[in-house]
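Asker: Before I ask anything, here is the structure I am working with.
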Amino acid sequence: MIASEQFQQAIAGAGLPVPEVIHGDGTLYRFSTNGKRMDQSGWYVLHDDGDVPAGAFGCWRSGLSQTWCSKDTQAMTQAERSAHQQRMQAIAQQREADKAQRQHDAATAAAQRWEAAEPAPAEHLYLVRKGIQPHGIKAEGEALLIPLRDASTTLHSLQAIGPEGDKRFQPGGRIKGCYFGIGKPKGVLIVCEGFATGASIHEATGHAVACAMNAGNLLEVAQALHSKYPKLRLILAADDDAFTDGNPGITKATEAAKAVGGYLTKPDFGEQRSAAETDFNDLHQQAGLDAVKACIEAAAPVAQEPAFPPLEGAGDGGAWPDPTPLPDALPPVAPFDAELLPHALRGWIVDIAERMQCPPDFPAVGVITALSGLIGARAVVAPKQHDDWRVVPNLWGLIVGRPGVMKSPALGEVLKPLHRLESTEREQWQAAHEAWELDTKVAELAGKANEKQAAAVAAKDPDKARALLAPTEQPTEPTMRRYVVNDSTVEALADLLVENPWGLLVYRDEVHGLLCSMDRQGQEGARGFYLTGYDGNQGHAVDRIGRGHSYVPRVCMAMLGGIQPGKVQSYVREAVNGGAGDDGLLQRFGLAVWPDIQQEFKLVDRWPDTPAKQAAWAVFERLNGLLPATDDDPQEWRFSPEAQAIFYEWLIPFETGIRGDDLHPALVSHLAKWRKLIPALALIFALVDTPDTNGVIHEGELIRALAWAEYLRTHAERLYAAALIPETTGAHALLVKIKGGKLCDGDGVLWESFTPRLVAVKSWAGLNSVDSVRKAAELLADYGWLARETVPSGDTMGRGRPSDRYMIHPALLAGGQA
């Protein structure tokens, strides 16, 4: 397939319409992404004139931007990689130039529309419904036009508002840092979101208003106006999106006020507020302009300095210093690169992540773990050339993420091929089992007939009677192959592994429950069973009360599940500090990822990429038919000579590194399991992408496995940071609770101070002991968020130890972010 056809497939895989003609001359071309002939929101650049064709494409309207290359970067030579990087830089420069041109064209079109428009009538349906005046805007047919200018008054774009309130910006126009101004600044300038909100505020107060049009633009507009009018008092009039997760209106306005040293206010709707009431225009219609004016006059600086008695850490005369940001509790992690995946899986995983708006790490780890369970012990790899060491490629995957970030849906999506295989297997087993039941009944009837016949001839011919009563061969009950086990006791799991000797996948939506259940006294046998299951080639005896014991010749389990950050941090701390989990079970989750979550949500509403899905599911179908070498022996795969040399080049410094004293013992224990992880990944990649190589793993698959090692190392360091820097983690957790107003009494009144014991009784994750709270509070005091006060003992005789009480920074009590 030529490069242009592959490039077209990549564009289609991203959910965009494919241009009929693809030019490979390195020039940026535009195309329609909404089916309309005049639309030019789509763009692409393709370089098809070198050894490694590459390009990029996207859509300005949706914000999609994606690169494409005909060759994996890991497989490139240094010269090819350098040329590829230069091309990507050139494409980025072209995109920026095209963006500037689009904004210039949009500004020209906006100026022409604005010039041709008529002054907006006061009786326009939208203005009447909102109860506001036009304030200089214009009308274009039934739509109102609102000009968006920068601080130098240059027109860049327009917002059109229909009679029913539907809003559209000028296609391609610049929005960031642009606003619509109402009135002339005289000492006070108010920055808000929408036009109707700004009109209500101006009509209530007479102050000048800048309408930024959305919460995400408040910071840029506030900064631009602060630079232009440094002596003006800036007030951020926030929308109160109390019924939206994260309250973006308050959050963004607070951020902007803090950046410019401004004031902050929000509409007060009282106790009878409805979910539809969010901004000052809503307040205007509910309670009148006087209520709007009262809220604006109540604006307060983000950081206040009320008089407090002198406190340790609060500065001279009780003045609170500005707090310093806490150091990052968790080290950074490498983002997932789609090129880490085999070709046959890449498009499917990228499509899942884009449509679900979840980190690609989630489905990527899920699919590799699922395939490892499907392969099981049917194939093994010999990592060394002249050694009997064999690695079974069953792997354990763990994805860490807070609730609501699509952990379970992402894993559920990549497990669908296994569920389909199991459904097909169940249908076949059901038919076979019904036939077996009939054969069994026939055998029983034949046995009864023989008994009757034997009774009739027993006296005359004992030998014939004996022959009739001799045991006959009974039909063997068919067993069903299992693929995924969700919730099973160890005893039941052992029985399943006897019937499925080559292995299966254990999936738990929330792994924390399984880990904690095995920490309880009396569960040592269960824990040992799972520890054995990681090796994939060891036998295990299971003893049962009243039922004797059974023996599983080969315990081979892949494991997959999710866990919340707070729970994994708590478990890690206990596991590495001598707790019940300090036996290496956690460290067996070699495919453990804890990715960063994108804060901005992008709506993606399109059909799944069917060709990519079919290609990936075909891999599952093919590997479902993978057979071991014999009934008892697996296939054996080995590295090619080139791959063997690369493996040794990695292995020697790796082993040297984990034998040193530079790493935490818990991290060393985790990395030590990579002796299995790296060869196992290389084998899986070979079985997926290059199965017809007569049991040889080439350097490409091993290089991809080693790239996974670099990526996973950063996630392992984040995972075990919970043990290395628990005070920082606890301090972040405590600060979040304080900012969220969680330190309060039963009536919801915020505490101005607290003792560690008061917080510990709440049993929050990572803050469930007096000592952990004290350590977290001390760190917060070091950075200025708290101030420590030593309280003498209440004993009148002066006996007993004094206690520590921590005062909370006043800005936090006022609802600011300090």
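By order of appearance in the structure tokens: chains A, B, ..., then residues from 1 within every chain, and ligands from 1 in the order shown.
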Can you tell me which residues surround stretch 391-404 of chain A at a distance of at most 6 Å, considering only C-alpha atoms, apart from same-chain residues fewer than 4 positions away, and format the answer as a PyMOL selection string?
Answerer: chain A and resi 369+372-373+376-377+380-381+536+558-565+589+591-594+680
Asker: DSSP on the backbone: what in stretch 51-207 of chain A comes out helix (DSSP H, G or I), as a ChimeraX atom specification?
Answerer: /A:73-75,78-116,125-130,195-205
Asker: Calculate how many Å separate atom CA of A:Gly539 from atom CA of A:Cys556, rounding to one decimal.
Answerer: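 Pair atom CA of A:Gly539 / atom CA of A:Cys556 returns 9.2 Å.
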Asker: So how far away is atom CA of A:Leu786 from atom CA of A:Ile808, in Å?
Answerer: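 Pair atom CA of A:Ile808 / atom CA of A:Leu786 returns 4.9 Å.
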Asker: For A:Leu505, which of A:Gln272, A:Asn486, A:Gln599, A:Thr73 is the closest residue, counting only C-alpha atoms?
Answerer: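 Of the candidates, the smallest distance to A:Leu505 is held by A:Asn486.
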Asker: Residues at most 10 Å from A:Leu531, counting only C-alpha atoms, excluding those fewer than 4 positions away in the same chain, as a VMD selection string?
Answerer: chain A and resid 525 to 527 535 to 536 555 557 583 to 586 588
Asker: Could you name the residues that touch stretch 233-235 of chain A at 6 Å or less, counting only C-alpha atoms, but leaving out those on the same chain fewer than 2 positions away, as JSON, numbers by chain?
Answerer: {"A": [188, 189, 190, 262, 263, 264]}
Asker: List the spatial neighbours of A:Ile2 as JSON, numbers by chain - criterion: any atom at most 10 Å away, only C-alpha atoms, same-chain residues fewer than 3 positions off excluded.
Answerer: {"A": [5, 6, 7, 48, 53, 70]}
Asker: Which neighbours of A:Leu497 fall inside 9 Å, counting only C-alpha atoms, when residues of the same chain fewer than 4 positions from it are skipped, and could you give them as an mmCIF file with N, CA, C and O atoms, in the first residue's frame?
Answerer:
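selection_6.cif was written with the following content:
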```cif
data_model
loop_
_atom_site.group_PDB
_atom_site.id
_atom_site.type_symbol
_atom_site.label_atom_id
_atom_site.label_comp_id
_atom_site.auth_asym_id
_atom_site.auth_seq_id
_atom_site.Cartn_x
_atom_site.Cartn_y
_atom_site.Cartn_z
ATOM 1 N N ARG A 482 -12.672 -21.535 29.666
ATOM 2 C CA ARG A 482 -12.978 -20.242 30.233
ATOM 3 C C ARG A 482 -11.889 -19.240 29.844
ATOM 4 O O ARG A 482 -10.717 -19.571 29.709
ATOM 5 N N ALA A 492 -12.706 -22.480 43.873
ATOM 6 C CA ALA A 492 -13.374 -22.537 42.570
ATOM 7 C C ALA A 492 -12.405 -22.200 41.442
ATOM 8 O O ALA A 492 -12.455 -22.797 40.358
ATOM 9 N N LEU A 493 -11.506 -21.237 41.697
ATOM 10 C CA LEU A 493 -10.520 -20.872 40.682
ATOM 11 C C LEU A 493 -9.580 -22.036 40.408
ATOM 12 O O LEU A 493 -9.181 -22.270 39.256
ATOM 13 N N PRO A 501 -5.937 -25.817 31.806
ATOM 14 C CA PRO A 501 -4.542 -25.927 32.284
ATOM 15 C C PRO A 501 -3.574 -24.942 31.647
ATOM 16 O O PRO A 501 -2.478 -24.750 32.163
ATOM 17 N N TRP A 502 -3.978 -24.291 30.555
ATOM 18 C CA TRP A 502 -3.058 -23.359 29.900
ATOM 19 C C TRP A 502 -3.255 -21.920 30.366
ATOM 20 O O TRP A 502 -2.573 -21.023 29.898
ATOM 21 N N GLY A 503 -4.227 -21.716 31.284
ATOM 22 C CA GLY A 503 -4.355 -20.403 31.898
ATOM 23 C C GLY A 503 -5.590 -19.638 31.479
ATOM 24 O O GLY A 503 -6.290 -19.993 30.527
ATOM 25 N N LEU A 504 -5.868 -18.532 32.222
ATOM 26 C CA LEU A 504 -6.998 -17.655 31.955
ATOM 27 C C LEU A 504 -6.723 -16.288 32.579
ATOM 28 O O LEU A 504 -5.674 -16.068 33.188
ATOM 29 N N VAL A 552 -3.394 -28.519 41.421
ATOM 30 C CA VAL A 552 -3.426 -27.872 40.109
ATOM 31 C C VAL A 552 -2.025 -28.002 39.510
ATOM 32 O O VAL A 552 -1.074 -27.395 40.026
ATOM 33 N N PRO A 553 -1.858 -28.773 38.450
ATOM 34 C CA PRO A 553 -0.502 -28.974 37.910
ATOM 35 C C PRO A 553 0.146 -27.689 37.414
ATOM 36 O O PRO A 553 1.361 -27.534 37.503
ATOM 37 N N ARG A 554 -0.639 -26.762 36.894
ATOM 38 C CA ARG A 554 -0.076 -25.520 36.356
ATOM 39 C C ARG A 554 -1.023 -24.366 36.697
ATOM 40 O O ARG A 554 -2.123 -24.291 36.171
ATOM 41 N N VAL A 555 -0.584 -23.477 37.584
ATOM 42 C CA VAL A 555 -1.386 -22.310 37.939
ATOM 43 C C VAL A 555 -0.905 -21.145 37.080
ATOM 44 O O VAL A 555 0.157 -20.571 37.320
ATOM 45 N N CYS A 556 -1.693 -20.794 36.078
ATOM 46 C CA CYS A 556 -1.318 -19.723 35.139
ATOM 47 C C CYS A 556 -2.448 -18.707 35.082
ATOM 48 O O CYS A 556 -3.519 -18.983 34.550
ATOM 49 N N MET A 557 -2.195 -17.525 35.645
ATOM 50 C CA MET A 557 -3.219 -16.487 35.691
ATOM 51 C C MET A 557 -2.635 -15.164 35.227
ATOM 52 O O MET A 557 -1.592 -14.734 35.723
#
```
Asker: Run DSSP on the backbone of this structure and report the residues of stretch 249-485 of chain A it assigns to strand (DSSP E), as a PDB file with N, CA, C and O atoms, in the first residue's frame.
Answerer:
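Resulting contents of selection35.pdb:
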```
ATOM      1  N   TYR A 263     -10.379  41.346  42.539  1.00  0.00           N
ATOM      2  CA  TYR A 263     -11.433  40.999  43.473  1.00  0.00           C
ATOM      3  C   TYR A 263     -12.316  39.928  42.836  1.00  0.00           C
ATOM      4  O   TYR A 263     -12.329  39.758  41.608  1.00  0.00           O
ATOM      5  N   LEU A 264     -13.071  39.258  43.688  1.00  0.00           N
ATOM      6  CA  LEU A 264     -13.909  38.164  43.196  1.00  0.00           C
ATOM      7  C   LEU A 264     -15.298  38.277  43.809  1.00  0.00           C
ATOM      8  O   LEU A 264     -15.444  38.579  44.996  1.00  0.00           O
ATOM      9  N   THR A 265     -16.320  38.016  42.999  1.00  0.00           N
ATOM     10  CA  THR A 265     -17.686  37.949  43.504  1.00  0.00           C
ATOM     11  C   THR A 265     -18.465  36.951  42.669  1.00  0.00           C
ATOM     12  O   THR A 265     -18.034  36.562  41.580  1.00  0.00           O
ATOM     13  N   ALA A 300     -14.687  40.783  47.096  1.00  0.00           N
ATOM     14  CA  ALA A 300     -13.567  40.799  48.048  1.00  0.00           C
ATOM     15  C   ALA A 300     -12.308  40.322  47.350  1.00  0.00           C
ATOM     16  O   ALA A 300     -12.364  39.550  46.386  1.00  0.00           O
ATOM     17  N   PRO A 301     -11.153  40.795  47.826  1.00  0.00           N
ATOM     18  CA  PRO A 301      -9.899  40.296  47.240  1.00  0.00           C
ATOM     19  C   PRO A 301      -9.758  38.805  47.473  1.00  0.00           C
ATOM     20  O   PRO A 301     -10.264  38.263  48.461  1.00  0.00           O
ATOM     21  N   ALA A 379       2.538 -20.704  24.881  1.00  0.00           N
ATOM     22  CA  ALA A 379       3.820 -20.341  24.269  1.00  0.00           C
ATOM     23  C   ALA A 379       4.692 -19.722  25.347  1.00  0.00           C
ATOM     24  O   ALA A 379       4.203 -18.980  26.210  1.00  0.00           O
ATOM     25  N   VAL A 380       5.977 -20.026  25.325  1.00  0.00           N
ATOM     26  CA  VAL A 380       6.921 -19.462  26.277  1.00  0.00           C
ATOM     27  C   VAL A 380       8.116 -18.917  25.494  1.00  0.00           C
ATOM     28  O   VAL A 380       8.305 -19.249  24.330  1.00  0.00           O
ATOM     29  N   VAL A 381       8.907 -18.084  26.160  1.00  0.00           N
ATOM     30  CA  VAL A 381      10.106 -17.538  25.543  1.00  0.00           C
ATOM     31  C   VAL A 381      11.317 -17.940  26.367  1.00  0.00           C
ATOM     32  O   VAL A 381      11.257 -17.969  27.607  1.00  0.00           O
ATOM     33  N   ALA A 382      12.387 -18.269  25.677  1.00  0.00           N
ATOM     34  CA  ALA A 382      13.664 -18.582  26.324  1.00  0.00           C
ATOM     35  C   ALA A 382      14.554 -17.349  26.227  1.00  0.00           C
ATOM     36  O   ALA A 382      15.163 -17.110  25.184  1.00  0.00           O
ATOM     37  N   TRP A 396       0.316  -9.129  34.700  1.00  0.00           N
ATOM     38  CA  TRP A 396      -0.636  -8.507  35.602  1.00  0.00           C
ATOM     39  C   TRP A 396      -0.679  -7.011  35.316  1.00  0.00           C
ATOM     40  O   TRP A 396       0.356  -6.333  35.338  1.00  0.00           O
ATOM     41  N   GLY A 397      -1.876  -6.507  35.032  1.00  0.00           N
ATOM     42  CA  GLY A 397      -2.044  -5.092  34.719  1.00  0.00           C
ATOM     43  C   GLY A 397      -2.884  -4.384  35.766  1.00  0.00           C
ATOM     44  O   GLY A 397      -3.891  -4.925  36.243  1.00  0.00           O
ATOM     45  N   LEU A 398      -2.487  -3.171  36.104  1.00  0.00           N
ATOM     46  CA  LEU A 398      -3.186  -2.367  37.115  1.00  0.00           C
ATOM     47  C   LEU A 398      -3.264  -0.934  36.614  1.00  0.00           C
ATOM     48  O   LEU A 398      -2.246  -0.329  36.281  1.00  0.00           O
ATOM     49  N   ILE A 399      -4.475  -0.377  36.548  1.00  0.00           N
ATOM     50  CA  ILE A 399      -4.620   1.019  36.140  1.00  0.00           C
ATOM     51  C   ILE A 399      -5.128   1.815  37.331  1.00  0.00           C
ATOM     52  O   ILE A 399      -6.083   1.430  37.989  1.00  0.00           O
ATOM     53  N   VAL A 400      -4.464   2.926  37.600  1.00  0.00           N
ATOM     54  CA  VAL A 400      -4.767   3.758  38.756  1.00  0.00           C
ATOM     55  C   VAL A 400      -5.458   5.031  38.264  1.00  0.00           C
ATOM     56  O   VAL A 400      -4.958   5.716  37.365  1.00  0.00           O
ATOM     57  N   VAL A 484     -12.314 -15.503  31.035  1.00  0.00           N
ATOM     58  CA  VAL A 484     -12.287 -14.441  32.042  1.00  0.00           C
ATOM     59  C   VAL A 484     -13.033 -14.923  33.281  1.00  0.00           C
ATOM     60  O   VAL A 484     -14.144 -15.443  33.180  1.00  0.00           O
ATOM     61  N   VAL A 485     -12.407 -14.728  34.443  1.00  0.00           N
ATOM     62  CA  VAL A 485     -13.042 -15.017  35.726  1.00  0.00           C
ATOM     63  C   VAL A 485     -13.112 -13.709  36.499  1.00  0.00           C
ATOM     64  O   VAL A 485     -12.100 -13.019  36.656  1.00  0.00           O
TER      65      VAL A 485
END
```
Asker: Do you know which residues are at most 8 Å from stretch 185-187 of chain A counting only C-alpha atoms, after dropping those on the same chain fewer than 6 positions away, and could you put them as a ChimeraX atom specification?
Answerer: /A:207-209,231-233
Asker: Could you dump the residues just selected with N, CA, C and O atoms as an mmCIF file, in the first residue's frame?
Answerer:
```cif
data_model
loop_
_atom_site.group_PDB
_atom_site.id
_atom_site.type_symbol
_atom_site.label_atom_id
_atom_site.label_comp_id
_atom_site.auth_asym_id
_atom_site.auth_seq_id
_atom_site.Cartn_x
_atom_site.Cartn_y
_atom_site.Cartn_z
ATOM 1 N N HIS A 207 -20.718 50.492 36.156
ATOM 2 C CA HIS A 207 -19.294 50.247 35.941
ATOM 3 C C HIS A 207 -19.044 49.668 34.547
ATOM 4 O O HIS A 207 -19.918 49.002 33.961
ATOM 5 N N ALA A 208 -17.850 49.906 34.048
ATOM 6 C CA ALA A 208 -17.447 49.307 32.776
ATOM 7 C C ALA A 208 -17.305 47.800 32.941
ATOM 8 O O ALA A 208 -16.880 47.307 33.993
ATOM 9 N N VAL A 209 -17.661 47.077 31.888
ATOM 10 C CA VAL A 209 -17.644 45.615 31.928
ATOM 11 C C VAL A 209 -16.951 45.090 30.668
ATOM 12 O O VAL A 209 -17.140 45.626 29.575
ATOM 13 N N LYS A 231 -3.841 50.520 37.191
ATOM 14 C CA LYS A 231 -4.315 51.163 38.415
ATOM 15 C C LYS A 231 -5.802 50.932 38.666
ATOM 16 O O LYS A 231 -6.322 51.319 39.713
ATOM 17 N N LEU A 232 -6.492 50.321 37.731
ATOM 18 C CA LEU A 232 -7.917 50.063 37.914
ATOM 19 C C LEU A 232 -8.147 48.905 38.877
ATOM 20 O O LEU A 232 -7.338 47.969 38.957
ATOM 21 N N ARG A 233 -9.245 48.965 39.585
ATOM 22 C CA ARG A 233 -9.663 47.855 40.436
ATOM 23 C C ARG A 233 -10.421 46.846 39.573
ATOM 24 O O ARG A 233 -11.491 47.155 39.046
#
```
Asker: Quick one, how far is atom CA of A:Leu626 from atom CA of A:Arg378?
Answerer: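 Pair atom CA of A:Leu626 / atom CA of A:Arg378 returns 7.1 Å.
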Asker: Give the answer as one residue: which of A:Phe180, A:Thr154, A:Ala344, A:Val773 has the shortest atom-to-atom distance to A:Ile137, using only C-alpha atoms?
Answerer: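 Ranked by minimum distance to A:Ile137, first place goes to A:Phe180.
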